[in-house]
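K.L.:
Following this message is one structure expressed as structure tokens.
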Amino acid sequence: MSLLYFLGEILMIRKILLSGLGLSAALIIYGTASAAILGSPHEIGNGPNLCVACHTPHNANANAKPLWNHTASSAAYTMYDNAFSSTLDMAVAGNTPTGISAACLSCHDGTVGVSSYGGVVANDVLDGGKSVGTDLTDDHPINIAYDPAADPDFVAATGVTGAGLKLYNGQVECATCHDVHNGPGVTGKLERPITTADLCTACHIK
Ligand code: HEC
Ligand code: HEC
Ligand code: HEC
Ligand code: HEC
């Protein structure tokens with residue numbers, strides 16, 4: 001199902017809800033479409049606007065992940081890279097997380113308000129354990145090429161994707177281990193459902 005179709009469906013349902021017609025039918029469809037976000041930590045914003053803190057059907061930020069609506073962070077990061085860890089064998093692509101990790105960090109580095117989207121500036125920044133901060137050296141490496149040829153202690157890339165984990169341009173990113181659309185029923189902290197017993201050993205041979 002295409003994103004536009006999906007978002008269109010939500011908007012259409014919102015219209016139905018607002019018009020007060022077909023309420024129960026709309027609720028059934030709405031429940032299906034939003035079952036994962038609804039009630040999860042990523043239920044941000046109100047009512048039928050479940051998606052808008054992150055996605056928009058129009059005028060999205062072309063530099064970010066699917067139809068991205070959240071204000072980007074302009075923070076400078078300290079990466080978990082070879083300069084930090086001499087035992088790291090794989091390549092970290094620069095000091096600026098890109099793509100999907102930048103999308104997560106637009107809320108989770110604690111510098112941009114959660115409600116800063118669609119041109120609104122807000123101060124409700126994440127803190128405590130919910131913010132990873134801008135010093136990423138106490139966090140699992142991201143923006144890093146998954147390259148078992150550089151270190152034999154790693155499962156082949158096909159094994160990783162076969163276990164249900166996603167690599168982005170061949171790299172490990174936040175969304176490799178997390179799925180934001182996971183609902184409140186998912187064990188742990190929004191981890192992707194994986195087919196191996198353990199998240200870490202889906203990649204690490206330890
Ligand atoms: C907290 C932020 C956030 C919220 C809220 C959110 N999304 Fe997403 N969405 C993302 C991110 C990040 C990605 C990229 C995920 C990936 O590539 O693994 C994504 C990807 C997608 C995609 C394309 C990839 C896929 O998984 O199919 C669709 C479609 C989508 N979202 C729909 C929605 C809808 C509909 C809602 C509201 C019910 C919603 N999202 C709410 C962050 C969010
Ligand atoms: C629009 C802002 C926003 C974006 C973008 C966003 N998050 Fe969140 N995230 C939140 C909020 C708000 C919470 C709940 C914080 C709380 O409970 O105090 C949260 C909670 C979490 C949690 C903790 C869940 C739990 O069970 O306690 C994880 C893990 C997480 N997010 C990962 C991600 C990842 C990975 C991405 C990118 C793919 C992402 N988030 C994108 C706002 C965001
Ligand atoms: C290698 C896998 C992996 C990667 C990559 C990863 N995480 Fe996590 N993350 C986890 C696991 C596992 C937990 C649960 C840890 C726990 O509960 O002790 C977690 C927990 C979290 C939490 C919840 C912390 C809390 O105290 O509630 C947040 C927020 C979070 N991650 C955000 C991110 C962001 C943002 C990124 C990218 C910058 C990221 N994660 C990258 C595996 C990962
Ligand atoms: C998607 C694959 C993947 C998953 C899942 C994963 N890792 Fe990693 N991990 C990597 C890669 C790639 C590196 C970088 C290895 C290198 O360059 O030698 C790494 C590096 C590390 C390092 C740093 C090693 C160093 O030399 O500095 C530690 C520690 C680590 N991971 C622990 C974990 C733990 C704990 C988990 C489970 C919560 C986990 N990893 C899940 C792929 C993964």
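Chain lettering (A, B, ...) mirrors the order of the structure tokens, residue numbering begins at 1 for each chain separately, and ligand numbering begins at 1 in order of display.
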Show me which residues line ligand 2, defined as having an atom within 9 Å of a ligand atom where only C-alpha atoms and all ligand atoms count, and present them as a compact mmCIF listing (two decimals) with N, CA and C atoms, in the first residue's frame.

P.N.:
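out-v4.txt was written with the following content:
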```txt
# COMPACT_ATOMS: atom_id res chain seq x y z
N SER A 40 0.60 3.85 21.63
CA SER A 40 2.05 3.59 21.74
C SER A 40 2.75 4.89 22.18
N PRO A 41 4.04 4.81 22.53
CA PRO A 41 4.76 6.03 22.92
C PRO A 41 4.80 7.06 21.79
N HIS A 42 4.58 6.60 20.55
CA HIS A 42 4.61 7.54 19.42
C HIS A 42 3.25 8.07 19.04
N GLU A 43 2.29 7.91 19.91
CA GLU A 43 1.01 8.58 19.68
C GLU A 43 1.21 10.03 20.10
N ILE A 44 1.51 10.86 19.12
CA ILE A 44 1.83 12.27 19.37
C ILE A 44 0.79 13.09 18.63
N VAL A 52 0.85 13.05 11.93
CA VAL A 52 1.30 14.35 11.45
C VAL A 52 2.58 14.86 12.12
N ALA A 53 2.90 14.39 13.31
CA ALA A 53 4.15 14.84 13.93
C ALA A 53 5.34 14.36 13.10
N CYS A 54 5.14 13.28 12.34
CA CYS A 54 6.24 12.72 11.55
C CYS A 54 6.01 12.81 10.05
N TRP A 68 8.43 13.43 5.30
CA TRP A 68 8.78 13.82 6.67
C TRP A 68 8.28 15.22 7.00
N ASN A 69 7.71 15.38 8.17
CA ASN A 69 7.09 16.64 8.58
C ASN A 69 7.78 17.27 9.79
N HIS A 70 8.56 16.46 10.53
CA HIS A 70 9.12 17.00 11.77
C HIS A 70 10.33 17.88 11.49
N THR A 71 10.46 18.94 12.26
CA THR A 71 11.58 19.86 12.10
C THR A 71 12.90 19.12 12.33
N ILE A 100 17.21 7.89 7.99
CA ILE A 100 16.29 7.44 9.03
C ILE A 100 16.77 7.81 10.44
N SER A 101 18.08 7.74 10.68
CA SER A 101 18.56 8.09 12.03
C SER A 101 18.39 9.58 12.31
N ALA A 102 18.60 10.39 11.26
CA ALA A 102 18.38 11.84 11.42
C ALA A 102 16.91 12.09 11.77
N ALA A 103 16.02 11.29 11.18
CA ALA A 103 14.59 11.43 11.47
C ALA A 103 14.33 11.15 12.96
N CYS A 104 14.90 10.09 13.48
CA CYS A 104 14.73 9.77 14.91
C CYS A 104 15.33 10.87 15.79
N LEU A 105 16.54 11.28 15.40
CA LEU A 105 17.25 12.26 16.21
C LEU A 105 16.56 13.62 16.18
N SER A 106 15.68 13.86 15.21
CA SER A 106 14.97 15.14 15.18
C SER A 106 14.07 15.27 16.41
N CYS A 107 13.79 14.19 17.11
CA CYS A 107 13.17 14.27 18.44
C CYS A 107 14.10 13.75 19.53
N HIS A 108 14.86 12.69 19.21
CA HIS A 108 15.55 11.96 20.28
C HIS A 108 16.93 12.48 20.64
N VAL A 112 15.24 19.43 19.78
CA VAL A 112 14.09 19.95 19.05
C VAL A 112 12.81 19.47 19.75
N GLY A 113 11.86 20.37 19.93
CA GLY A 113 10.62 19.99 20.60
C GLY A 113 9.87 18.91 19.83
N VAL A 114 9.25 17.99 20.57
CA VAL A 114 8.47 16.92 19.96
C VAL A 114 7.34 17.49 19.09
N SER A 115 6.77 18.61 19.54
CA SER A 115 5.65 19.22 18.80
C SER A 115 6.11 20.22 17.75
N SER A 116 7.40 20.22 17.42
CA SER A 116 7.90 21.11 16.36
C SER A 116 7.72 20.45 15.00
N TYR A 117 6.58 20.64 14.41
CA TYR A 117 6.36 20.11 13.06
C TYR A 117 5.39 21.02 12.33
N ASP A 124 8.86 21.29 23.87
CA ASP A 124 8.67 20.06 24.64
C ASP A 124 9.71 19.00 24.25
N VAL A 125 10.97 19.29 24.54
CA VAL A 125 12.06 18.38 24.17
C VAL A 125 12.07 17.12 25.05
N LEU A 126 12.56 16.04 24.49
CA LEU A 126 12.72 14.80 25.26
C LEU A 126 13.94 14.91 26.15
N ASP A 127 13.85 14.32 27.33
CA ASP A 127 15.03 14.30 28.20
C ASP A 127 15.13 12.95 28.91
N GLY A 128 16.04 12.86 29.83
CA GLY A 128 16.25 11.59 30.55
C GLY A 128 16.61 10.48 29.56
N GLY A 129 16.14 9.29 29.85
CA GLY A 129 16.46 8.13 29.01
C GLY A 129 15.85 8.22 27.63
N LYS A 130 14.85 9.07 27.44
CA LYS A 130 14.19 9.16 26.13
C LYS A 130 15.00 9.98 25.14
N SER A 131 15.98 10.72 25.63
CA SER A 131 16.86 11.45 24.73
C SER A 131 18.22 10.77 24.73
N GLU A 173 21.20 1.54 11.38
CA GLU A 173 20.65 2.82 11.82
C GLU A 173 19.70 2.56 12.99
N CYS A 174 19.16 3.63 13.57
CA CYS A 174 18.22 3.48 14.70
C CYS A 174 17.09 2.50 14.35
N ALA A 175 16.56 2.67 13.15
CA ALA A 175 15.39 1.88 12.76
C ALA A 175 15.75 0.44 12.38
N THR A 176 17.04 0.10 12.41
CA THR A 176 17.42 -1.30 12.24
C THR A 176 16.92 -2.10 13.44
N CYS A 177 17.03 -1.51 14.62
CA CYS A 177 16.63 -2.21 15.85
C CYS A 177 15.23 -1.81 16.33
N HIS A 178 14.78 -0.63 15.93
CA HIS A 178 13.48 -0.13 16.40
C HIS A 178 12.52 0.03 15.24
N ASP A 179 11.25 -0.16 15.51
CA ASP A 179 10.22 0.19 14.54
C ASP A 179 9.23 1.13 15.21
N VAL A 180 9.23 2.37 14.78
CA VAL A 180 8.37 3.39 15.40
C VAL A 180 6.90 3.05 15.34
N HIS A 181 6.52 2.25 14.34
CA HIS A 181 5.09 1.95 14.21
C HIS A 181 4.65 0.80 15.10
N PRO A 184 1.81 -0.68 21.45
CA PRO A 184 2.07 -0.84 22.88
C PRO A 184 2.27 -2.30 23.27
N VAL A 186 4.22 -4.50 21.90
CA VAL A 186 5.52 -5.06 21.55
C VAL A 186 6.44 -5.08 22.76
N THR A 187 7.05 -6.20 23.00
CA THR A 187 7.94 -6.30 24.17
C THR A 187 9.18 -5.45 23.99
N GLY A 188 9.74 -5.00 25.06
CA GLY A 188 10.95 -4.20 25.00
C GLY A 188 10.64 -2.81 24.52
N LYS A 189 11.63 -2.14 24.03
CA LYS A 189 11.51 -0.76 23.65
C LYS A 189 11.36 -0.62 22.15
N LEU A 190 10.20 -0.92 21.62
CA LEU A 190 9.92 -0.74 20.21
C LEU A 190 10.88 -1.48 19.31
N GLU A 191 11.34 -2.65 19.76
CA GLU A 191 12.25 -3.39 18.91
C GLU A 191 11.49 -4.02 17.75
```

K.L.:
List the spatial neighbours of segment 164-169 of chain A as a tab-separated table (two decimals) with N, CA and C atoms, in the first residue's frame - criterion: any atom at most 12 Å away, only C-alpha atoms, same-chain residues fewer than 3 positions off excluded.

P.N.:
```tsv
chain	number	residue	atom	x	y	z
A	65	LYS	N	13.13	11.14	5.57
A	65	LYS	CA	12.43	9.89	5.27
A	65	LYS	C	10.93	10.09	5.07
A	93	ALA	N	29.95	6.54	8.39
A	93	ALA	CA	29.88	7.52	7.29
A	93	ALA	C	29.75	8.94	7.82
A	97	PRO	N	24.59	11.92	11.20
A	97	PRO	CA	23.65	10.84	10.88
A	97	PRO	C	22.68	11.32	9.80
A	98	THR	N	22.42	10.47	8.84
A	98	THR	CA	21.55	10.86	7.74
A	98	THR	C	20.29	10.00	7.73
A	99	GLY	N	19.41	10.30	6.82
A	99	GLY	CA	18.24	9.47	6.56
A	99	GLY	C	17.46	9.16	7.81
A	100	ILE	N	17.21	7.89	7.99
A	100	ILE	CA	16.29	7.44	9.03
A	100	ILE	C	16.77	7.81	10.44
A	101	SER	N	18.08	7.74	10.68
A	101	SER	CA	18.56	8.09	12.03
A	101	SER	C	18.39	9.58	12.31
A	142	ILE	N	25.73	3.84	14.92
A	142	ILE	CA	24.79	3.98	13.80
A	142	ILE	C	25.53	4.64	12.65
A	143	ASN	N	24.85	4.77	11.51
A	143	ASN	CA	25.49	5.40	10.35
A	143	ASN	C	26.73	4.59	9.96
A	144	ILE	N	26.68	3.27	10.26
A	144	ILE	CA	27.85	2.42	10.08
A	144	ILE	C	27.54	1.32	9.08
A	145	ALA	N	28.48	1.11	8.15
A	145	ALA	CA	28.30	0.07	7.12
A	145	ALA	C	28.27	-1.30	7.79
A	146	TYR	N	27.30	-2.12	7.44
A	146	TYR	CA	27.29	-3.49	7.96
A	146	TYR	C	28.15	-4.32	7.03
A	147	ASP	N	29.36	-4.65	7.48
A	147	ASP	CA	30.35	-5.26	6.59
A	147	ASP	C	31.08	-6.42	7.28
A	157	ALA	N	25.08	-10.48	5.91
A	157	ALA	CA	24.01	-9.47	5.78
A	157	ALA	C	22.67	-10.13	5.45
A	158	THR	N	22.70	-11.18	4.66
A	158	THR	CA	21.44	-11.85	4.30
A	158	THR	C	20.80	-12.49	5.54
A	159	GLY	N	21.63	-12.92	6.48
A	159	GLY	CA	21.10	-13.48	7.72
A	159	GLY	C	20.42	-12.41	8.56
A	160	VAL	N	20.99	-11.21	8.53
A	160	VAL	CA	20.44	-10.08	9.30
A	160	VAL	C	19.07	-9.70	8.75
A	161	THR	N	19.01	-9.51	7.43
A	161	THR	CA	17.72	-9.13	6.83
A	161	THR	C	16.74	-10.29	6.92
A	172	VAL	N	23.73	0.14	9.51
A	172	VAL	CA	22.94	-0.02	10.73
A	172	VAL	C	22.50	1.37	11.18
A	173	GLU	N	21.20	1.54	11.38
A	173	GLU	CA	20.65	2.82	11.82
A	173	GLU	C	19.70	2.56	12.99
A	174	CYS	N	19.16	3.63	13.57
A	174	CYS	CA	18.22	3.48	14.70
A	174	CYS	C	17.09	2.50	14.35
A	175	ALA	N	16.56	2.67	13.15
A	175	ALA	CA	15.39	1.88	12.76
A	175	ALA	C	15.75	0.44	12.38
A	176	THR	N	17.04	0.10	12.41
A	176	THR	CA	17.42	-1.30	12.24
A	176	THR	C	16.92	-2.10	13.44
A	177	CYS	N	17.03	-1.51	14.62
A	177	CYS	CA	16.63	-2.21	15.85
A	177	CYS	C	15.23	-1.81	16.33
A	178	HIS	N	14.78	-0.63	15.93
A	178	HIS	CA	13.48	-0.13	16.40
A	178	HIS	C	12.52	0.03	15.24
A	179	ASP	N	11.25	-0.16	15.51
A	179	ASP	CA	10.22	0.19	14.54
A	179	ASP	C	9.23	1.13	15.21
A	191	GLU	N	11.34	-2.65	19.76
A	191	GLU	CA	12.25	-3.39	18.91
A	191	GLU	C	11.49	-4.02	17.75
A	192	ARG	N	12.19	-4.20	16.66
A	192	ARG	CA	11.56	-4.89	15.54
A	192	ARG	C	11.29	-6.33	15.94
A	193	PRO	N	10.14	-6.88	15.56
A	193	PRO	CA	9.94	-8.30	15.80
A	193	PRO	C	10.97	-9.07	14.96
A	194	ILE	N	11.77	-9.89	15.59
A	194	ILE	CA	12.79	-10.62	14.83
A	194	ILE	C	12.59	-12.12	14.99
A	195	THR	N	13.13	-12.87	14.03
A	195	THR	CA	12.89	-14.32	14.05
A	195	THR	C	13.94	-15.06	14.87
A	196	THR	N	15.02	-14.38	15.27
A	196	THR	CA	15.98	-15.03	16.14
A	196	THR	C	15.56	-14.77	17.59
A	197	ALA	N	16.12	-15.55	18.51
A	197	ALA	CA	15.71	-15.40	19.90
A	197	ALA	C	16.23	-14.11	20.50
A	198	ASP	N	17.30	-13.58	19.93
A	198	ASP	CA	17.96	-12.44	20.55
A	198	ASP	C	18.31	-11.39	19.51
A	199	LEU	N	18.05	-10.13	19.84
A	199	LEU	CA	18.33	-9.04	18.91
A	199	LEU	C	19.83	-8.94	18.60
A	200	CYS	N	20.66	-8.99	19.62
A	200	CYS	CA	22.10	-8.77	19.42
A	200	CYS	C	22.75	-9.85	18.57
A	201	THR	N	22.37	-11.11	18.82
A	201	THR	CA	23.01	-12.21	18.09
A	201	THR	C	22.40	-12.41	16.69
A	202	ALA	N	21.43	-11.57	16.33
A	202	ALA	CA	20.99	-11.55	14.94
A	202	ALA	C	22.12	-11.01	14.06
A	203	CYS	N	23.06	-10.25	14.67
A	203	CYS	CA	24.21	-9.70	13.94
A	203	CYS	C	25.55	-10.19	14.51
```

K.L.:
Run DSSP on the backbone of this structure and report the residues of segment 101-158 of chain A it assigns to strand (DSSP E or B), as a list in words.

P.N.:
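So the strand (DSSP E or B) residues in segment 101-158 of chain A would be Tyr117, Asp135, Ile144, Ala145 and Phe154 of chain A.
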
K.L.:
May I have the residues from that selection written out with N, CA and C atoms, as a PDB file, in the first residue's frame?

P.N.:
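After the write, part_26.pdb holds the following:
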```pdb
ATOM      1  N   TYR A 117       6.583  20.637  14.406  1.00  0.00           N
ATOM      2  CA  TYR A 117       6.364  20.111  13.063  1.00  0.00           C
ATOM      3  C   TYR A 117       5.393  21.015  12.331  1.00  0.00           C
ATOM      4  N   ASP A 135      25.926  13.474  22.068  1.00  0.00           N
ATOM      5  CA  ASP A 135      27.125  12.640  22.190  1.00  0.00           C
ATOM      6  C   ASP A 135      26.681  11.189  22.054  1.00  0.00           C
ATOM      7  N   ILE A 144      26.680   3.274  10.262  1.00  0.00           N
ATOM      8  CA  ILE A 144      27.855   2.424  10.083  1.00  0.00           C
ATOM      9  C   ILE A 144      27.536   1.323   9.076  1.00  0.00           C
ATOM     10  N   ALA A 145      28.481   1.111   8.145  1.00  0.00           N
ATOM     11  CA  ALA A 145      28.304   0.074   7.124  1.00  0.00           C
ATOM     12  C   ALA A 145      28.274  -1.296   7.791  1.00  0.00           C
ATOM     13  N   PHE A 154      30.626 -11.485  12.688  1.00  0.00           N
ATOM     14  CA  PHE A 154      29.297 -10.998  12.307  1.00  0.00           C
ATOM     15  C   PHE A 154      28.590 -11.939  11.331  1.00  0.00           C
TER      16      PHE A 154
END
```

K.L.:
Set the distance at 7 Å and use only C-alpha atoms: which residues neighbour Leu67 of chain A once local chain neighbours fewer than 6 positions away are removed? I'd like the list as a PyMOL selection string.

P.N.:
chain A and resi 55-57+60-61

K.L.:
Give me the residues within 10 Å of Asn95 of chain A as a PyMOL selection string, counting only C-alpha atoms and dropping any in the same chain fewer than 4 places off.

P.N.:
chain A and resi 76-81+143

K.L.:
Can you pull out every residue within 9 Å of Ala75 of chain A, counting only C-alpha atoms, but drop anything in the same chain fewer than 5 positions away, and send it as an MDAnalysis selection string?

P.N.:
chainID A and resid 96 109 111 134

K.L.:
Let me make sure I understand: among A:Gly170, A:Gly39, A:Pro141, A:Gly118, which one has the smallest atom-to-atom distance to Ser85 of chain A if we use only C-alpha atoms?

P.N.:
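Using only C-alpha atoms, the shortest distance to Ser85 of chain A belongs to A:Pro141.
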
K.L.:
Check the smallest atom-to-atom distance from each of A:Ile205, A:Val132, A:Val155, A:Leu88 to ligand 3 using only C-alpha atoms and all ligand atoms, then report the winner.

P.N.:
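For ligand 3, the nearest of the given residues is A:Val132.
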
K.L.:
For ligand 1, which residue out of A:Asn59, A:Asn49, A:Thr87, A:Gln171 is the nearest one, using only C-alpha atoms and all ligand atoms?

P.N.:
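Counting only C-alpha atoms and all ligand atoms, the residue closest to ligand 1 is A:Asn49.
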
K.L.:
In terms of the shortest atom-to-atom distance over only C-alpha atoms and all ligand atoms, which of A:His204, A:Thr137, A:His58, A:Gly183 is closest to ligand 1?

P.N.:
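Looking at the shortest contact to ligand 1, the residue is A:Gly183.
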
K.L.:
Let me make sure I understand: among A:Val120, A:Ala163, A:Met90, A:Ala64, which one has the smallest atom-to-atom distance to ligand 4 if we use only C-alpha atoms and all ligand atoms?

P.N.:
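Selected residue with least distance to ligand 4: A:Met90.
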